[in-house]
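K.L.:
Enclosed is the structure file protein19.txt (compact mmCIF, C-alpha atoms and all ligand atoms).
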```
# COMPACT_ATOMS: atom_id res chain seq x y z
CA MET M 1 11.75 11.53 4.30
CA LYS M 2 10.89 8.15 5.78
CA LEU M 3 7.19 7.64 5.44
CA ILE M 4 4.63 4.93 6.19
CA MET M 5 1.31 4.86 4.30
CA LEU M 6 -1.60 3.46 6.31
CA GLY M 7 -5.15 3.02 5.07
CA ALA M 8 -7.76 0.48 4.05
CA PRO M 9 -7.52 -1.53 0.82
CA GLY M 10 -8.36 0.92 -1.97
CA ALA M 11 -7.78 4.01 0.18
CA GLY M 12 -5.24 5.23 -2.38
CA LYS M 13 -1.95 4.23 -0.74
CA GLY M 14 -0.34 3.02 -3.96
CA THR M 15 -1.68 5.91 -6.07
CA GLN M 16 -0.51 8.59 -3.65
CA ALA M 17 2.79 6.79 -2.94
CA GLN M 18 3.54 6.98 -6.68
CA ILE M 19 2.97 10.76 -6.61
CA LEU M 20 5.00 11.29 -3.40
CA SER M 21 7.82 9.11 -4.70
CA ASP M 22 8.15 11.39 -7.77
CA ARG M 23 7.88 14.52 -5.60
CA TYR M 24 10.53 13.52 -3.05
CA GLY M 25 12.76 11.35 -5.28
CA ILE M 26 12.60 8.38 -2.92
CA PRO M 27 11.52 4.79 -3.65
CA THR M 28 8.17 3.29 -2.74
CA ILE M 29 8.33 -0.13 -1.16
CA SER M 30 5.05 -1.97 -1.53
CA THR M 31 4.98 -5.36 0.19
CA GLY M 32 1.88 -6.23 -1.88
CA ALA M 33 3.76 -5.50 -5.14
CA ILE M 34 6.84 -7.43 -3.98
CA ILE M 35 4.66 -10.43 -3.08
CA ARG M 36 2.75 -10.26 -6.39
CA GLY M 37 6.12 -10.19 -8.20
CA ALA M 38 7.25 -13.27 -6.27
CA ILE M 39 4.00 -15.07 -7.18
CA LYS M 40 4.48 -14.19 -10.86
CA ASN M 41 8.08 -15.47 -10.78
CA GLU M 42 7.00 -18.61 -8.89
CA THR M 43 9.71 -18.18 -6.24
CA PRO M 44 9.44 -20.27 -3.01
CA THR M 45 8.10 -17.17 -1.18
CA GLY M 46 5.62 -16.54 -4.00
CA LYS M 47 4.34 -20.10 -3.96
CA MET M 48 3.82 -19.95 -0.20
CA ALA M 49 2.18 -16.48 -0.26
CA LYS M 50 -0.27 -17.16 -3.09
CA ALA M 51 -2.80 -19.01 -0.94
CA TYR M 52 -2.97 -16.08 1.52
CA ILE M 53 -3.19 -13.28 -1.02
CA ASP M 54 -5.85 -15.13 -3.06
CA LYS M 55 -8.07 -15.38 0.04
CA GLY M 56 -7.40 -11.76 1.02
CA GLU M 57 -5.57 -12.87 4.16
CA LEU M 58 -2.30 -11.51 5.48
CA VAL M 59 0.92 -13.30 4.60
CA PRO M 60 2.64 -14.44 7.86
CA ASP M 61 4.52 -11.68 9.72
CA GLU M 62 7.92 -13.40 9.62
CA VAL M 63 7.81 -13.66 5.82
CA VAL M 64 6.90 -10.01 5.27
CA ILE M 65 9.37 -8.80 7.91
CA GLY M 66 12.11 -10.76 6.11
CA ILE M 67 11.17 -9.13 2.79
CA ILE M 68 11.26 -5.63 4.32
CA LYS M 69 14.56 -6.10 6.16
CA GLU M 70 16.22 -7.18 2.93
CA ARG M 71 14.70 -4.35 0.86
CA LEU M 72 15.50 -1.58 3.38
CA SER M 73 19.16 -2.59 3.42
CA GLU M 74 19.51 -1.72 -0.27
CA SER M 75 21.38 1.46 -1.21
CA ASP M 76 18.43 3.37 -2.74
CA CYS M 77 16.64 3.39 0.66
CA GLN M 78 19.39 5.16 2.58
CA SER M 79 18.10 8.72 2.05
CA GLY M 80 14.44 7.89 2.48
CA PHE M 81 11.56 5.65 1.41
CA ILE M 82 7.81 5.26 1.40
CA LEU M 83 6.42 2.07 2.92
CA ASP M 84 3.12 1.17 1.22
CA GLY M 85 1.33 -1.71 2.96
CA PHE M 86 3.88 -2.31 5.72
CA PRO M 87 3.53 -2.53 8.69
CA ARG M 88 0.10 -4.11 8.75
CA THR M 89 0.08 -5.69 12.21
CA ILE M 90 1.45 -4.66 15.62
CA PRO M 91 4.23 -7.34 15.48
CA GLN M 92 5.30 -5.92 12.08
CA ALA M 93 5.44 -2.39 13.55
CA GLU M 94 7.49 -3.65 16.48
CA ALA M 95 9.87 -5.43 14.09
CA LEU M 96 10.33 -2.17 12.18
CA ASP M 97 11.02 -0.32 15.46
CA SER M 98 13.65 -2.91 16.33
CA LEU M 99 15.59 -2.04 13.15
CA GLY M 100 16.25 1.37 14.75
CA ILE M 101 15.04 3.34 11.73
CA GLU M 102 13.51 6.72 12.64
CA ILE M 103 10.16 7.12 10.77
CA ASP M 104 9.30 10.80 10.12
CA LYS M 105 5.58 10.48 9.45
CA VAL M 106 2.89 7.82 9.40
CA LEU M 107 0.23 8.92 6.97
CA ASP M 108 -3.26 7.51 7.43
CA ILE M 109 -5.51 7.99 4.37
CA GLU M 110 -9.12 7.84 5.55
CA VAL M 111 -11.81 6.42 3.26
CA ASP M 112 -15.14 4.89 4.24
CA ASP M 113 -15.76 1.20 3.42
CA ASP M 114 -18.69 2.10 1.10
CA LEU M 115 -16.34 3.72 -1.42
CA ILE M 116 -13.85 0.88 -1.44
CA ILE M 117 -15.81 -1.56 -3.64
CA THR M 118 -16.23 1.03 -6.45
CA ARG M 119 -12.57 1.92 -6.26
CA LEU M 120 -11.27 -1.62 -6.30
CA SER M 121 -13.66 -3.05 -8.89
CA GLY M 122 -12.58 -0.34 -11.37
CA ARG M 123 -8.86 -0.57 -10.63
CA ARG M 124 -6.42 -1.57 -13.38
CA GLU M 125 -2.76 -2.18 -12.70
CA CYS M 126 0.27 -2.31 -14.99
CA SER M 127 1.40 -5.92 -15.40
CA LYS M 128 5.03 -4.79 -15.48
CA CYS M 129 5.70 -1.68 -13.37
CA GLY M 130 2.65 -1.86 -11.07
CA ALA M 131 1.40 1.69 -11.86
CA THR M 132 -2.22 2.05 -10.77
CA TYR M 133 -5.20 3.36 -12.77
CA HIS M 134 -9.00 3.40 -12.51
CA VAL M 135 -11.34 2.90 -15.47
CA ALA M 136 -13.42 5.97 -14.55
CA ASN M 137 -11.49 7.99 -11.94
CA ASN M 138 -7.97 7.79 -13.34
CA PRO M 139 -7.86 6.16 -16.80
CA SER M 140 -4.55 5.56 -18.55
CA LYS M 141 -3.90 8.03 -21.38
CA ALA M 142 -2.59 5.01 -23.31
CA GLY M 143 -5.94 3.12 -23.18
CA ASP M 144 -5.44 -0.46 -22.03
CA LYS M 145 -1.65 0.04 -21.84
CA CYS M 146 0.44 1.68 -19.12
CA GLU M 147 1.27 5.36 -19.59
CA ARG M 148 4.69 4.83 -18.02
CA CYS M 149 5.96 1.66 -19.70
CA ALA M 150 3.35 0.70 -22.37
CA SER M 151 2.79 -2.77 -20.85
CA PRO M 152 -0.76 -4.22 -20.71
CA LEU M 153 -3.04 -3.27 -17.81
CA VAL M 154 -4.62 -6.07 -15.78
CA THR M 155 -7.22 -6.52 -13.02
CA ARG M 156 -5.70 -7.76 -9.77
CA ALA M 157 -6.74 -11.31 -8.79
CA ASP M 158 -7.76 -10.12 -5.29
CA ASP M 159 -10.05 -7.35 -6.59
CA ASN M 160 -13.25 -9.44 -6.53
CA PRO M 161 -16.14 -8.69 -4.12
CA GLU M 162 -15.59 -11.72 -1.86
CA THR M 163 -11.84 -11.14 -1.43
CA ILE M 164 -12.34 -7.39 -1.00
CA LYS M 165 -14.73 -8.11 1.91
CA SER M 166 -12.17 -10.33 3.58
CA ARG M 167 -9.38 -7.74 3.05
CA LEU M 168 -11.57 -5.06 4.64
CA ASP M 169 -12.41 -7.26 7.65
CA ILE M 170 -8.73 -8.01 8.18
CA TYR M 171 -7.84 -4.34 7.80
CA HIS M 172 -10.27 -3.39 10.60
CA SER M 173 -9.19 -6.17 12.96
CA GLN M 174 -5.42 -6.30 12.40
CA THR M 175 -4.20 -3.10 10.75
CA GLU M 176 -6.44 -0.35 12.15
CA PRO M 177 -4.93 -0.74 15.67
CA LEU M 178 -1.73 0.72 14.17
CA ILE M 179 -3.44 4.13 14.03
CA GLU M 180 -3.50 4.21 17.84
CA TYR M 181 0.02 2.74 17.99
CA TYR M 182 1.49 5.61 15.94
CA LYS M 183 -0.75 8.24 17.53
CA ASN M 184 0.87 7.28 20.83
CA LYS M 185 4.31 7.58 19.27
CA GLY M 186 3.39 11.11 18.08
CA ASN M 187 4.10 10.82 14.36
CA LEU M 188 0.62 10.11 12.96
CA ALA M 189 -0.71 12.40 10.21
CA VAL M 190 -4.27 11.96 8.94
CA ALA M 191 -5.47 12.94 5.46
CA GLN M 192 -9.01 12.72 4.14
CA GLY M 193 -9.02 10.39 1.09
CA GLU M 194 -12.63 10.50 -0.11
CA GLY M 195 -12.25 13.46 -2.45
CA SER M 196 -10.71 13.40 -5.91
CA LEU M 197 -7.23 12.10 -6.46
CA GLU M 198 -5.88 15.66 -6.65
CA ALA M 199 -7.79 16.79 -3.53
CA THR M 200 -6.31 13.84 -1.64
CA THR M 201 -2.78 14.70 -2.80
CA ASP M 202 -3.34 18.31 -1.63
CA ALA M 203 -4.57 17.10 1.78
CA ILE M 204 -1.51 14.85 2.11
CA ILE M 205 1.00 17.57 1.15
CA LYS M 206 -0.67 19.87 3.68
CA VAL M 207 -0.24 17.45 6.57
CA LEU M 208 3.27 16.45 5.50
CA GLU M 209 4.69 19.88 4.72
CA GLY M 210 2.43 22.15 6.79
P1 LIG D 301 -1.66 -4.54 -1.09
O1 LIG D 301 -1.18 -4.65 -2.48
O2 LIG D 301 -0.94 -3.66 -0.16
O3 LIG D 301 -3.20 -4.22 -1.14
P2 LIG D 301 -4.19 -3.40 -0.13
O4 LIG D 301 -3.62 -2.97 1.15
O5 LIG D 301 -5.39 -4.25 -0.07
O6 LIG D 301 -4.35 -2.07 -0.80
P3 LIG D 301 -4.64 -1.81 -2.28
O7 LIG D 301 -3.37 -1.90 -3.08
O8 LIG D 301 -5.78 -2.67 -2.73
O9 LIG D 301 -5.18 -0.33 -2.22
P4 LIG D 301 -4.42 1.07 -2.25
O10 LIG D 301 -4.66 1.74 -0.96
O11 LIG D 301 -3.00 0.93 -2.71
O12 LIG D 301 -5.30 1.80 -3.34
P5 LIG D 301 -4.94 2.29 -4.82
O13 LIG D 301 -4.02 3.46 -4.78
O14 LIG D 301 -4.55 1.14 -5.67
O15 LIG D 301 -1.68 -6.00 -0.44
C1 LIG D 301 -2.27 -7.09 -1.12
C2 LIG D 301 -2.14 -8.35 -0.30
O16 LIG D 301 -0.75 -8.66 -0.08
C3 LIG D 301 -2.75 -8.33 1.09
O17 LIG D 301 -4.12 -8.63 1.07
C4 LIG D 301 -1.92 -9.42 1.79
O18 LIG D 301 -2.36 -10.71 1.44
C5 LIG D 301 -0.54 -9.22 1.21
N1 LIG D 301 0.28 -8.26 1.99
C6 LIG D 301 0.77 -7.06 1.57
N2 LIG D 301 1.45 -6.45 2.54
C7 LIG D 301 1.41 -7.27 3.61
C8 LIG D 301 1.91 -7.17 4.93
N3 LIG D 301 2.59 -6.10 5.38
N4 LIG D 301 1.65 -8.21 5.78
C9 LIG D 301 0.98 -9.31 5.38
N5 LIG D 301 0.47 -9.45 4.15
C10 LIG D 301 0.67 -8.43 3.27
O19 LIG D 301 -6.39 2.84 -5.27
C11 LIG D 301 -7.45 1.94 -5.51
C12 LIG D 301 -8.23 2.35 -6.77
O20 LIG D 301 -8.91 3.58 -6.52
C13 LIG D 301 -7.34 2.62 -7.99
O21 LIG D 301 -8.02 2.19 -9.14
C14 LIG D 301 -7.17 4.14 -8.01
O22 LIG D 301 -6.95 4.66 -9.31
C15 LIG D 301 -8.48 4.62 -7.40
N6 LIG D 301 -8.32 5.83 -6.60
C16 LIG D 301 -7.30 6.08 -5.70
N7 LIG D 301 -7.51 7.27 -5.10
C17 LIG D 301 -8.67 7.78 -5.60
C18 LIG D 301 -9.42 8.98 -5.36
N8 LIG D 301 -9.02 9.91 -4.47
N9 LIG D 301 -10.56 9.15 -6.03
C19 LIG D 301 -10.99 8.22 -6.94
N10 LIG D 301 -10.34 7.08 -7.22
C20 LIG D 301 -9.19 6.85 -6.55
MG MG D 302 -1.77 -0.68 -3.29
```
Just give me the structure as structure tokens.
P.N.:
Amino acid sequence: MKLIMLGAPGAGKGTQAQILSDRYGIPTISTGAIIRGAIKNETPTGKMAKAYIDKGELVPDEVVIGIIKERLSESDCQSGFILDGFPRTIPQAEALDSLGIEIDKVLDIEVDDDLIITRLSGRRECSKCGATYHVANNPSKAGDKCERCASPLVTRADDNPETIKSRLDIYHSQTEPLIEYYKNKGNLAVAQGEGSLEATTDAIIKVLEG
């Protein structure tokens, strides 16, 4: 299964990717998580990307395309993968096409903008493994630690109202056109993401497995 997750910030891409990754035994590749890791480790890419991510803007295409090309060439991606947060622009989608990899499904999780602020302001993320929680909707059973690896949970730096607004604007102008792009290619699958976490997973499984 080679899958792309589309959807606005806070639509549930990371949360559902985690569930699908366990279900299908394939890795999730999140460009956001890779970039946040690079920022934490103060690598040259991280230092360059920090200014963009802090403002809620997209990191330049050539940087993200480079990250993805390198990651997809690793051995654990050969039998399938879930792309969470890539592609995010038409040039990124075209770059992926040019790698000659056949994508099975492009899953668009639909959530209205009004719900996004609540979702993102209550999000907590594991500082080590990146697992995602929500203070009210999906709390960690280990309190302020991660259920998976017991590391502390943190609030993402870009989950503040001003940056969320900018991320949403950029999503509508630069990423949403990908819905039409993949509809035309014939592999778009749409799942409603406004219900509970479990209802969203059910809707996704239905469109993926029929
Ligand atoms: P990225 O990390 O990809 O962030 P994003 O796209 O803004 O998406 P989020 O991670 O915020 O949301 P999500 O859809 O994963 O939602 P989640 O499952 O966490 O990118 C960050 C930045 O990196 C970008 O702004 C950009 O600067 C850069 N970047 C990354 N990729 C790039 C690229 N390709 N090109 C250029 N730049 C790039 O859920 C959100 C919250 O809601 C959680 O708390 C969760 O528990 C809760 N929740 C989820 N589902 C439900 C539900 N059904 N009901 C109730 N609560 C729910
Ligand atoms: Mg995410």
K.L.:
Extract, using all atoms listed in the file, all DNA, RNA and protein residues at most 8 Å from M:Val59, discarding same-chain residues fewer than 6 positions from it, and format them as a list in words.
P.N.:
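Listing them by chain and then by number gives Ala49, Tyr52 and Ile53 of chain M.
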K.L.:
Please produce, as CSV, a per-residue contact table for chain M versus ligand LIG 301 (chain D) (criterion: any atom at most 7 Å away, all atoms listed in the file considered), showing the nearest atom pair and its distance in Å to one decimal, sorted by chain then residue number.
P.N.:
```
residue,atom,partner,partner_atom,distance
M:Gly7,CA,D:LIG301,O10,6.2
M:Ala8,CA,D:LIG301,O10,6.0
M:Pro9,CA,D:LIG301,O5,3.6
M:Gly10,CA,D:LIG301,O9,3.4
M:Ala11,CA,D:LIG301,O10,4.0
M:Gly12,CA,D:LIG301,O13,3.2
M:Lys13,CA,D:LIG301,O10,3.7
M:Gly14,CA,D:LIG301,O11,3.6
M:Thr15,CA,D:LIG301,O13,3.6
M:Gln16,CA,D:LIG301,O13,6.3
M:Ser30,CA,D:LIG301,O2,6.4
M:Thr31,CA,D:LIG301,N2,4.4
M:Gly32,CA,D:LIG301,O1,3.5
M:Ala33,CA,D:LIG301,O1,5.7
M:Ile35,CA,D:LIG301,O16,6.4
M:Tyr52,CA,D:LIG301,O18,5.4
M:Ile53,CA,D:LIG301,O18,3.7
M:Gly56,CA,D:LIG301,O17,4.5
M:Glu57,CA,D:LIG301,O18,4.7
M:Leu58,CA,D:LIG301,N5,3.7
M:Val59,CA,D:LIG301,N5,3.9
M:Pro60,CA,D:LIG301,C9,5.9
M:Asp61,CA,D:LIG301,N4,6.0
M:Val64,CA,D:LIG301,N4,5.6
M:Asp84,CA,D:LIG301,O2,6.5
M:Gly85,CA,D:LIG301,O2,4.3
M:Phe86,CA,D:LIG301,N3,4.0
M:Pro87,CA,D:LIG301,N3,5.0
M:Arg88,CA,D:LIG301,N3,4.6
M:Arg119,CA,D:LIG301,O20,4.0
M:Leu120,CA,D:LIG301,C12,5.0
M:Gly122,CA,D:LIG301,O21,5.7
M:Arg123,CA,D:LIG301,O21,3.2
M:Arg124,CA,D:LIG301,O21,5.9
M:Thr132,CA,D:LIG301,O22,5.6
M:Tyr133,CA,D:LIG301,O22,4.1
M:His134,CA,D:LIG301,O21,3.7
M:Asn137,CA,D:LIG301,N10,4.9
M:Asn138,CA,D:LIG301,O22,5.2
M:Arg167,CA,D:LIG301,O17,5.7
M:Gly193,CA,D:LIG301,N8,5.6
M:Glu194,CA,D:LIG301,N8,5.7
M:Gly195,CA,D:LIG301,N8,5.2
M:Ser196,CA,D:LIG301,N8,4.1
M:Leu197,CA,D:LIG301,N8,3.5
M:Glu198,CA,D:LIG301,N8,6.9
M:Thr200,CA,D:LIG301,N8,5.5
```
K.L.:
Between M:Ala38, M:Ala131, M:Ile65, M:Leu188, which residue has the minimum interatomic distance to ligand MG 302 (chain D), considering all atoms listed in the file?
P.N.:
M:Ala131
K.L.:
Can you work out which one of M:Gly130, M:Gly80, M:Asp113, M:Ala51 has the shortest atom-to-atom distance to ligand MG 302 (chain D), counting all atoms listed in the file?
P.N.:
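Nearest to ligand MG 302 (chain D): M:Gly130.
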K.L.:
Have a look at M:Lys141, M:Lys50, M:Lys165, M:Arg156 and name the one nearest to ligand MG 302 (chain D); count only C-alpha atoms and all ligand atoms.
P.N.:
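Nearest candidate to ligand MG 302 (chain D) out of M:Lys141, M:Lys50, M:Lys165, M:Arg156: M:Arg156.
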K.L.:
I'd like the contact shell of M:Lys183 - 12 Å cut-off, only C-alpha atoms, skipping same-chain residues fewer than 5 positions apart - returned as a PyMOL selection string.
P.N.:
chain M and resi 105-108+176-178+188-190
K.L.:
Stretch 136-209 of chain M near stretch 97-103 of chain M within 12 Å: what's each residue's closest atom pair and its distance in Å to one decimal, counting all atoms listed in the file, ordered by chain then ascending residue number, as a tab-separated table?
P.N.:
```
residue	atom	partner	partner_atom	distance
M:Tyr181	CA	M:Asp97	CA	11.7
M:Tyr182	CA	M:Ile103	CA	10.2
M:Lys185	CA	M:Ile103	CA	10.3
M:Gly186	CA	M:Ile103	CA	10.7
M:Asn187	CA	M:Ile103	CA	8.0
M:Leu188	CA	M:Ile103	CA	10.2
```
K.L.:
So, with only C-alpha atoms and all ligand atoms as the atoms that count, which of M:Thr201, M:Thr45, M:Glu62, M:Leu83 lies closest to ligand MG 302 (chain D)?
P.N.:
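Residue with the minimum atom-to-atom distance to ligand MG 302 (chain D): M:Leu83.
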